[in-house]
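Source file: structure.txt (compact mmCIF, C-alpha atoms and all ligand atoms)
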# COMPACT_ATOMS: atom_id res chain seq x y z
CA MET R 1 -20.57 25.51 -16.58
CA GLN R 2 -16.88 25.56 -17.45
CA ARG R 3 -15.13 22.32 -16.63
CA PRO R 4 -12.94 22.84 -13.54
CA HIS R 5 -9.18 22.67 -14.09
CA ILE R 6 -7.49 19.80 -12.32
CA LEU R 7 -3.89 18.73 -11.98
CA GLN R 8 -3.32 15.02 -12.63
CA VAL R 9 -0.22 13.92 -10.75
CA GLY R 10 0.28 10.44 -12.24
CA PRO R 11 -1.22 8.30 -15.01
CA TYR R 12 -4.41 6.25 -14.62
CA PRO R 13 -5.62 3.30 -16.71
CA ALA R 14 -7.11 4.26 -20.09
CA TRP R 15 -10.67 3.62 -18.84
CA ASP R 16 -10.21 6.42 -16.29
CA GLU R 17 -8.47 8.92 -18.56
CA GLU R 18 -11.45 9.32 -20.87
CA PRO R 19 -14.15 10.18 -18.30
CA LEU R 20 -11.66 12.33 -16.39
CA ASN R 21 -10.94 14.37 -19.51
CA GLU R 22 -14.65 14.66 -20.28
CA ALA R 23 -15.52 16.04 -16.86
CA PHE R 24 -12.46 18.23 -16.21
CA ARG R 25 -9.78 20.26 -17.93
CA VAL R 26 -6.88 18.03 -17.05
CA HIS R 27 -3.27 19.20 -16.75
CA ARG R 28 -0.94 16.21 -16.85
CA TYR R 29 1.81 16.97 -14.36
CA PHE R 30 3.57 13.65 -14.91
CA GLU R 31 4.16 14.42 -18.59
CA ALA R 32 5.77 17.82 -18.01
CA ALA R 33 9.51 17.84 -18.68
CA ASP R 34 10.07 20.97 -16.60
CA LYS R 35 7.74 20.44 -13.63
CA PRO R 36 8.37 23.74 -11.75
CA SER R 37 7.66 25.78 -14.93
CA PHE R 38 4.58 23.66 -15.65
CA LEU R 39 3.26 24.25 -12.13
CA ALA R 40 3.99 27.99 -12.37
CA GLU R 41 1.99 28.10 -15.62
CA VAL R 42 -1.09 25.96 -14.78
CA GLY R 43 -1.07 26.18 -10.96
CA PRO R 44 -3.16 29.38 -10.78
CA LEU R 45 -5.95 27.68 -12.79
CA VAL R 46 -6.07 24.47 -10.75
CA ARG R 47 -9.07 23.88 -8.43
CA GLY R 48 -8.56 20.15 -7.90
CA ILE R 49 -5.70 17.65 -7.76
CA ALA R 50 -6.20 14.01 -8.81
CA THR R 51 -3.34 11.95 -7.48
CA ARG R 52 -2.40 8.41 -6.49
CA GLY R 53 -1.78 7.00 -3.04
CA GLU R 54 1.97 6.75 -3.35
CA LEU R 55 2.37 10.06 -5.23
CA GLY R 56 0.22 12.30 -3.03
CA ALA R 57 0.63 16.07 -3.20
CA ASN R 58 3.43 17.87 -1.42
CA ARG R 59 3.47 21.38 0.03
CA ALA R 60 5.22 22.90 -3.00
CA MET R 61 2.53 21.52 -5.31
CA ILE R 62 -0.29 22.66 -3.05
CA GLU R 63 1.23 26.13 -2.71
CA ALA R 64 1.66 26.41 -6.47
CA CYS R 65 -2.14 26.10 -6.80
CA PRO R 66 -3.61 29.15 -4.98
CA SER R 67 -7.18 28.30 -6.07
CA LEU R 68 -6.95 24.67 -4.96
CA GLU R 69 -10.11 23.34 -3.25
CA VAL R 70 -9.82 19.56 -3.24
CA VAL R 71 -7.27 16.73 -3.51
CA SER R 72 -8.71 13.37 -4.61
CA VAL R 73 -6.45 10.40 -3.89
CA TYR R 74 -6.59 7.13 -5.88
CA GLY R 75 -5.72 4.93 -2.91
CA VAL R 76 -6.71 4.43 0.70
CA GLY R 77 -3.38 5.80 1.98
CA PHE R 78 -3.11 9.58 2.02
CA ASP R 79 0.21 9.85 3.88
CA ALA R 80 1.90 11.38 0.80
CA VAL R 81 -0.53 14.32 0.84
CA ASP R 82 0.71 17.22 2.96
CA LEU R 83 -2.35 17.39 5.21
CA ALA R 84 -0.99 20.34 7.19
CA ALA R 85 -0.68 22.39 4.00
CA CYS R 86 -4.25 21.38 3.03
CA ARG R 87 -5.63 22.22 6.48
CA GLU R 88 -4.02 25.68 6.46
CA ARG R 89 -5.79 26.46 3.21
CA GLY R 90 -9.09 24.67 3.88
CA VAL R 91 -8.38 22.27 1.02
CA ARG R 92 -10.53 19.11 1.22
CA VAL R 93 -8.96 15.66 0.77
CA THR R 94 -10.62 12.38 -0.28
CA ASN R 95 -9.36 8.80 -0.66
CA THR R 96 -10.67 5.44 -1.91
CA PRO R 97 -11.26 3.21 1.13
CA ASP R 98 -13.35 -0.01 1.17
CA VAL R 99 -13.29 -0.68 -2.57
CA LEU R 100 -9.72 -2.03 -2.36
CA THR R 101 -9.79 -3.74 1.05
CA ASN R 102 -10.35 -7.33 -0.09
CA ASP R 103 -7.80 -7.24 -2.90
CA VAL R 104 -5.10 -5.82 -0.64
CA ALA R 105 -5.84 -8.51 1.95
CA ASP R 106 -5.78 -11.19 -0.75
CA LEU R 107 -2.34 -10.14 -1.95
CA GLY R 108 -0.94 -10.07 1.58
CA VAL R 109 -2.10 -13.62 2.22
CA ALA R 110 -0.95 -14.74 -1.23
CA MET R 111 2.53 -13.35 -0.51
CA MET R 112 2.67 -15.31 2.74
CA LEU R 113 1.72 -18.54 0.96
CA CYS R 114 4.00 -17.91 -1.99
CA LEU R 115 7.09 -17.20 0.08
CA SER R 116 6.48 -19.78 2.77
CA ARG R 117 5.99 -22.58 0.22
CA GLY R 118 8.83 -21.32 -2.01
CA MET R 119 6.60 -21.05 -5.07
CA ILE R 120 8.86 -18.68 -7.06
CA GLY R 121 11.85 -21.01 -6.69
CA ALA R 122 9.63 -24.02 -7.35
CA GLU R 123 8.47 -22.50 -10.63
CA ARG R 124 12.13 -21.99 -11.60
CA TRP R 125 12.86 -25.60 -10.57
CA VAL R 126 10.34 -26.81 -13.13
CA ARG R 127 11.31 -24.41 -15.92
CA ASP R 128 15.09 -24.81 -15.72
CA GLY R 129 14.97 -28.59 -15.70
CA SER R 130 16.10 -28.99 -12.09
CA TRP R 131 13.10 -31.21 -11.33
CA ALA R 132 14.27 -33.78 -13.87
CA ALA R 133 18.00 -33.27 -13.25
CA ARG R 134 18.09 -32.87 -9.48
CA GLY R 135 14.87 -34.42 -8.23
CA LEU R 136 12.60 -33.19 -5.49
CA TYR R 137 12.37 -29.50 -4.67
CA PRO R 138 13.70 -28.59 -1.19
CA LEU R 139 11.05 -28.77 1.53
CA LYS R 140 9.46 -25.52 2.69
CA ARG R 141 7.53 -24.34 5.73
CA ARG R 142 3.85 -24.91 6.52
CA VAL R 143 1.38 -22.05 6.81
CA TRP R 144 -1.80 -23.56 8.27
CA GLY R 145 -2.08 -23.76 12.02
CA ARG R 146 0.85 -21.44 12.69
CA ARG R 147 0.89 -18.15 14.62
CA ALA R 148 -0.01 -14.90 12.86
CA GLY R 149 0.21 -11.31 14.08
CA VAL R 150 -1.66 -8.44 12.47
CA LEU R 151 -0.22 -5.02 13.22
CA GLY R 152 -3.15 -2.64 12.68
CA LEU R 153 -6.62 -4.22 12.76
CA GLY R 154 -8.31 -1.67 10.51
CA ARG R 155 -10.34 -2.54 7.44
CA ILE R 156 -7.47 -4.29 5.65
CA GLY R 157 -6.02 -5.92 8.79
CA TYR R 158 -9.45 -7.33 9.64
CA GLU R 159 -9.82 -8.90 6.19
CA VAL R 160 -6.31 -10.36 6.45
CA ALA R 161 -7.13 -11.86 9.87
CA LYS R 162 -10.41 -13.35 8.57
CA ARG R 163 -8.51 -15.04 5.76
CA LEU R 164 -5.86 -16.34 8.16
CA ALA R 165 -8.61 -17.81 10.35
CA GLY R 166 -9.49 -19.93 7.33
CA PHE R 167 -6.00 -21.45 7.55
CA GLY R 168 -6.63 -22.39 11.18
CA MET R 169 -3.99 -19.95 12.35
CA ASP R 170 -3.55 -18.73 15.91
CA ILE R 171 -4.21 -14.99 15.47
CA ALA R 172 -3.20 -11.97 17.53
CA TYR R 173 -3.25 -8.28 16.72
CA SER R 174 -2.01 -4.90 17.85
CA ASP R 175 -3.91 -1.67 17.63
CA VAL R 176 -4.47 1.40 19.78
CA ALA R 177 -7.13 -0.52 21.73
CA PRO R 178 -8.81 -3.94 21.62
CA LYS R 179 -11.59 -4.22 19.00
CA ASP R 180 -15.03 -5.64 19.90
CA PHE R 181 -15.32 -7.44 16.59
CA ALA R 182 -12.05 -9.36 17.16
CA SER R 183 -13.29 -12.02 19.56
CA GLY R 184 -11.12 -15.10 19.47
CA TRP R 185 -8.09 -13.09 18.42
CA GLU R 186 -5.64 -12.09 21.14
CA PHE R 187 -4.99 -8.38 21.66
CA VAL R 188 -1.28 -7.66 22.20
CA ALA R 189 -0.66 -3.93 22.59
CA ASP R 190 3.12 -3.97 22.21
CA PRO R 191 4.41 -4.62 18.66
CA VAL R 192 7.55 -6.34 20.03
CA ALA R 193 5.41 -8.74 22.06
CA LEU R 194 3.15 -9.31 19.03
CA ALA R 195 6.17 -10.14 16.86
CA GLY R 196 7.50 -12.42 19.61
CA ARG R 197 4.38 -14.62 19.46
CA SER R 198 4.14 -14.62 15.63
CA ASP R 199 5.51 -16.77 12.84
CA PHE R 200 4.00 -14.35 10.29
CA LEU R 201 3.67 -10.64 11.04
CA PHE R 202 1.41 -8.60 8.74
CA VAL R 203 1.86 -4.83 8.64
CA THR R 204 -1.53 -3.34 7.81
CA LEU R 205 -1.35 0.04 9.52
CA ALA R 206 -2.34 3.31 7.91
CA ALA R 207 0.96 5.19 7.73
CA SER R 208 1.47 8.51 9.50
CA ALA R 209 4.26 10.34 11.31
CA ALA R 210 3.19 8.44 14.45
CA THR R 211 3.65 5.00 12.88
CA ARG R 212 6.99 5.76 11.18
CA HIS R 213 9.38 2.83 11.82
CA ILE R 214 6.93 1.21 14.22
CA VAL R 215 8.47 -2.02 12.94
CA ASN R 216 11.94 -1.30 14.27
CA LYS R 217 15.04 -3.38 14.99
CA ASP R 218 13.47 -4.83 18.16
CA VAL R 219 10.23 -5.89 16.46
CA ILE R 220 12.22 -7.50 13.67
CA ALA R 221 14.51 -9.34 16.10
CA ALA R 222 11.48 -10.55 18.10
CA LEU R 223 9.95 -12.02 14.93
CA GLY R 224 13.19 -13.92 14.62
CA GLU R 225 15.08 -16.26 12.35
CA GLU R 226 12.01 -18.39 11.60
CA GLY R 227 9.68 -15.42 11.23
CA MET R 228 8.25 -13.74 8.14
CA LEU R 229 7.35 -10.05 7.83
CA ILE R 230 4.65 -9.15 5.29
CA ASN R 231 4.14 -5.48 4.40
CA ILE R 232 1.11 -4.34 2.40
CA SER R 233 0.91 -0.87 3.96
CA ARG R 234 3.67 1.69 3.46
CA ALA R 235 7.45 1.35 3.57
CA SER R 236 7.66 4.09 6.19
CA ASN R 237 6.06 1.76 8.76
CA ILE R 238 9.27 -0.30 8.73
CA ASP R 239 12.86 0.70 9.47
CA GLU R 240 14.11 -0.54 6.11
CA GLU R 241 17.81 -0.39 7.00
CA ALA R 242 17.16 -2.52 10.09
CA LEU R 243 15.08 -4.90 7.97
CA LEU R 244 17.86 -5.30 5.39
CA ASP R 245 20.49 -5.85 8.11
CA ALA R 246 18.28 -8.51 9.73
CA LEU R 247 17.55 -10.29 6.43
CA GLU R 248 21.23 -10.29 5.43
CA THR R 249 22.33 -11.80 8.74
CA ASN R 250 19.33 -14.16 9.12
CA VAL R 251 18.23 -12.42 12.31
CA LEU R 252 14.91 -12.37 10.43
CA GLY R 253 13.83 -15.37 8.40
CA SER R 254 12.15 -13.70 5.45
CA ALA R 255 10.07 -10.78 4.21
CA ALA R 256 7.34 -10.37 1.61
CA LEU R 257 7.10 -6.74 0.58
CA ASP R 258 4.78 -4.79 -1.71
CA VAL R 259 6.16 -1.36 -0.76
CA PHE R 260 9.65 0.18 -0.57
CA GLU R 261 11.35 3.39 0.44
CA GLY R 262 11.91 5.48 -2.70
CA GLU R 263 9.76 3.14 -4.86
CA PRO R 264 9.69 2.37 -7.73
CA LYS R 265 13.46 2.44 -7.22
CA LEU R 266 14.42 0.23 -4.34
CA ASN R 267 17.49 -0.37 -2.27
CA PRO R 268 19.66 -2.76 -4.38
CA ARG R 269 20.44 -4.74 -1.22
CA PHE R 270 16.96 -6.28 -1.59
CA LEU R 271 17.86 -7.70 -4.99
CA ALA R 272 20.78 -9.68 -3.61
CA LEU R 273 18.60 -11.52 -1.08
CA ASP R 274 16.92 -14.87 -1.62
CA ASN R 275 14.80 -14.73 1.54
CA VAL R 276 12.48 -12.02 0.18
CA LEU R 277 9.47 -11.84 -2.10
CA LEU R 278 9.39 -8.47 -3.85
CA GLN R 279 6.18 -7.07 -5.36
CA PRO R 280 5.69 -3.79 -7.29
CA HIS R 281 3.13 -2.04 -5.01
CA HIS R 282 0.17 -3.72 -6.64
CA ALA R 283 -1.91 -5.00 -3.74
CA SER R 284 -4.93 -3.06 -5.03
CA GLY R 285 -4.01 -3.90 -8.63
CA THR R 286 -7.00 -5.78 -10.02
CA VAL R 287 -9.13 -4.54 -12.89
CA GLU R 288 -12.24 -4.59 -10.71
CA THR R 289 -10.75 -2.63 -7.83
CA ARG R 290 -8.85 -0.14 -9.95
CA LYS R 291 -12.08 0.63 -11.88
CA ALA R 292 -13.88 1.26 -8.59
CA MET R 293 -11.01 3.42 -7.33
CA GLY R 294 -10.95 5.53 -10.50
CA LYS R 295 -14.71 6.07 -10.31
CA LEU R 296 -14.48 7.11 -6.67
CA VAL R 297 -11.71 9.60 -7.47
CA ARG R 298 -13.94 11.22 -10.12
CA ASP R 299 -17.12 10.99 -8.05
CA ASN R 300 -15.44 12.79 -5.16
CA LEU R 301 -14.23 15.56 -7.47
CA ALA R 302 -17.65 15.83 -9.11
CA ALA R 303 -19.44 15.95 -5.74
CA HIS R 304 -17.13 18.71 -4.56
CA PHE R 305 -17.61 20.88 -7.64
CA ALA R 306 -21.39 20.31 -7.50
CA GLY R 307 -21.42 21.54 -3.90
CA GLN R 308 -22.50 18.12 -2.64
CA PRO R 309 -21.07 16.15 0.30
CA LEU R 310 -17.84 14.30 -0.45
CA LEU R 311 -18.28 10.53 -0.68
CA THR R 312 -15.15 9.50 1.19
CA PRO R 313 -13.60 12.54 2.86
CA VAL R 314 -10.34 12.46 4.80
CA LEU R 315 -10.26 16.20 5.52
C1 LIG F 401 -2.00 2.89 -4.86
C2 LIG F 401 -2.19 2.56 -2.45
O1 LIG F 401 -2.72 4.03 -4.80
O2 LIG F 401 -4.39 2.42 -1.64
C3 LIG F 401 -3.25 2.84 -1.47
O3 LIG F 401 -2.96 3.50 -0.48
O4 LIG F 401 -1.06 2.78 -2.20
C4 LIG F 401 -2.49 1.97 -3.78
O5 LIG F 401 -3.78 1.57 -3.97
C5 LIG F 401 -2.06 2.24 -6.16
O6 LIG F 401 -0.91 1.53 -6.31
C6 LIG F 401 -2.26 3.15 -7.33
O7 LIG F 401 -1.27 4.06 -7.47
Give the structure from the file, written as structure tokens.
Amino acid sequence: MQRPHILQVGPYPAWDEEPLNEAFRVHRYFEAADKPSFLAEVGPLVRGIATRGELGANRAMIEACPSLEVVSVYGVGFDAVDLAACRERGVRVTNTPDVLTNDVADLGVAMMLCLSRGMIGAERWVRDGSWAARGLYPLKRRVWGRRAGVLGLGRIGYEVAKRLAGFGMDIAYSDVAPKDFASGWEFVADPVALAGRSDFLFVTLAASAATRHIVNKDVIAALGEEGMLINISRASNIDEEALLDALETNVLGSAALDVFEGEPKLNPRFLALDNVLLQPHHASGTVETRKAMGKLVRDNLAAHFAGQPLLTPVL
């Protein structure tokens, strides 16, 4: 059988490139200097798209591939894939849930600890000689025993909450409905009310048009001048302008962010702030998880082309 042609939207680690190239005829979109001409040339051959969570596949790309059958996303989030365009054409979509859940939760909790205890500044304090010259590092805020809110108690939110329970935190969550498995954690339907009873608010919602800017000016103000916002989901879940305004005026205490509007470029206003911890969208970025994600991307494509059920279908 001829290897199916696939369009690769962004690079993968070297350990994924080799098996991908063995199994498929890969067209590397990200390397094309003139992307519209490249799509016009290879699009008619393409039966599958291999993409990444944050890159997705837009309508123009999908429409440039008239023989497209499947889009395989390296990531749990598929908000950057134009699902309407896929649905219209009967194009299947897969993602990589579960394999990344624990690492994403770990990074969220690590960001909370790091920012609350001032670990980045403390590292600088040691390296630049301030410890010897100026003495003790300024005191920071405690984490254990404080109040945490989890906005979106899905797979990742649940793992975050379990970890926070280990810090003896008072935990509440918001979701569309209370969850049976969340006994001992308070259900608070309204995100403003959740923020109002939280010192740390974790955003762990799958992003969609419905969740866009769910963390708005009011949620941010309710979290308040002592509060910390932690985002390990998608930037679109937060009104970023409102967040920046609140951080600049200390209406919000601090924010630990792994995702940004327009990433990898980000609003330069973030860089001028000292009450933020900025991370380069790497919550799933461990060798172990990325290997599992890459395998799942290929296994979904292989299952599709072998006429077998998809392992982790979205559509
Ligand atoms: C990215 C992600 O896919 O899982 C998601 O939704 O956004 C990430 O895992 C990852 O950064 C690789 O591009």
Within 6 Å of ligand LIG 401 (chain F) (counting only C-alpha atoms and all ligand atoms), which residues show up? I'd like them as number ranges by chain. R: 52-54, 74-77, 281-282, 284
Might you pull out every residue within 10 Å of R:Leu100, with all atoms listed in the file counted and same-chain residues fewer than 3 positions away left off, and present them as a PDB file with C-alpha atoms, in the frame of the given file?
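Output contents, as saved in part_9.pdb:
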ATOM      1  CA  GLY R  75      -5.720   4.930  -2.910  1.00  0.00           C
ATOM      2  CA  VAL R  76      -6.710   4.430   0.700  1.00  0.00           C
ATOM      3  CA  THR R  96     -10.670   5.440  -1.910  1.00  0.00           C
ATOM      4  CA  PRO R  97     -11.260   3.210   1.130  1.00  0.00           C
ATOM      5  CA  ASP R 103      -7.800  -7.240  -2.900  1.00  0.00           C
ATOM      6  CA  VAL R 104      -5.100  -5.820  -0.640  1.00  0.00           C
ATOM      7  CA  ALA R 105      -5.840  -8.510   1.950  1.00  0.00           C
ATOM      8  CA  ARG R 155     -10.340  -2.540   7.440  1.00  0.00           C
ATOM      9  CA  ILE R 156      -7.470  -4.290   5.650  1.00  0.00           C
ATOM     10  CA  ALA R 283      -1.910  -5.000  -3.740  1.00  0.00           C
ATOM     11  CA  SER R 284      -4.930  -3.060  -5.030  1.00  0.00           C
ATOM     12  CA  GLY R 285      -4.010  -3.900  -8.630  1.00  0.00           C
ATOM     13  CA  THR R 286      -7.000  -5.780 -10.020  1.00  0.00           C
ATOM     14  CA  GLU R 288     -12.240  -4.590 -10.710  1.00  0.00           C
ATOM     15  CA  THR R 289     -10.750  -2.630  -7.830  1.00  0.00           C
ATOM     16  CA  ARG R 290      -8.850  -0.140  -9.950  1.00  0.00           C
ATOM     17  CA  ALA R 292     -13.880   1.260  -8.590  1.00  0.00           C
ATOM     18  CA  MET R 293     -11.010   3.420  -7.330  1.00  0.00           C
TER      19      MET R 293
END
Take the point (-6.8, 15.1, -17.4) in the file's coordinates, draw a sphere of radius 12 Å around it, and report as an NGL selection string every protein, DNA or RNA residue with an atom inside or on it, counting only C-alpha atoms. :R and (3-14 or 16-31 or 46 or 48-51 or 298)
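Remark: for R:Trp185, the closest of the candidate residues R:Val215, R:Leu139, R:Leu311, R:Val150 is R:Val150 (distances computed over all atoms listed in the file).
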Among the residues R:Val81, R:Val99, R:Val192, R:Leu296, the one that comes closest to R:Val219 [using all atoms listed in the file]: R:Val192
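Each of R:Val176, R:Met112, R:Ala133, R:Ile232 was checked against R:Phe200 using only C-alpha atoms; the smallest atom-to-atom distance is that of R:Met112.
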Is there a way to get, as a PyMOL selection string, all residues within 10 Å of the point (-9.6, -7.0, 12.1) in file coordinates, counting all atoms listed in the file? chain R and resi 150-162+172-175+179-183+185+204
With a distance cut-off of 10 Å and all atoms listed in the file, select the neighbouring residues of R:Ala40, excluding the residue or stretch itself and same-chain residues fewer than 4 positions from it, and output the selection as a tab-separated table (two decimals) with C-alpha atoms, keeping the file's coordinate frame.
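Once written, part-v1.tsv looks like this:
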chain	number	residue	atom	x	y	z
R	35	LYS	CA	7.74	20.44	-13.63
R	36	PRO	CA	8.37	23.74	-11.75
R	44	PRO	CA	-3.16	29.38	-10.78
R	45	LEU	CA	-5.95	27.68	-12.79
R	61	MET	CA	2.53	21.52	-5.31
R	64	ALA	CA	1.66	26.41	-6.47
R	65	CYS	CA	-2.14	26.10	-6.80
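For R:Gly227, the set of protein, DNA and RNA residues having any atom at most 8 Å away, when counting all atoms listed in the file and skipping those fewer than 2 positions along the same chain, is Ser198, Asp199, Phe200, Leu201, Leu223, Gly224, Glu225, Leu229, Leu252, Gly253 and Ser254 of chain R.
Picture a line from atom CA of R:Leu205 to atom CA of R:Ser233; it runs 6.1 Å.
Shortest separation to R:Phe270 among R:Asp190, R:Asp34, R:Glu248, R:Asp258 occurs at residue R:Glu248, atoms counted being only C-alpha atoms.
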Selection: 12 Å around R:Leu273, all atoms listed in the file, excl. self and same-chain fewer than 5 positions, as a VMD selection string: chain R and resid 243 to 250 253 to 256 267 to 268 278
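The spacing separating atom CA of R:Ser130 from atom CA of R:Asn275 amounts to 19.8 Å.
Nearest residue to R:Pro138 among R:Gly118, R:Arg124, R:Ala189, R:Gly196 is R:Gly118, counting all atoms listed in the file.
One distance worth recording is that between atom CA of R:Gly121 and atom CA of R:Tyr137, which is 8.7 Å.
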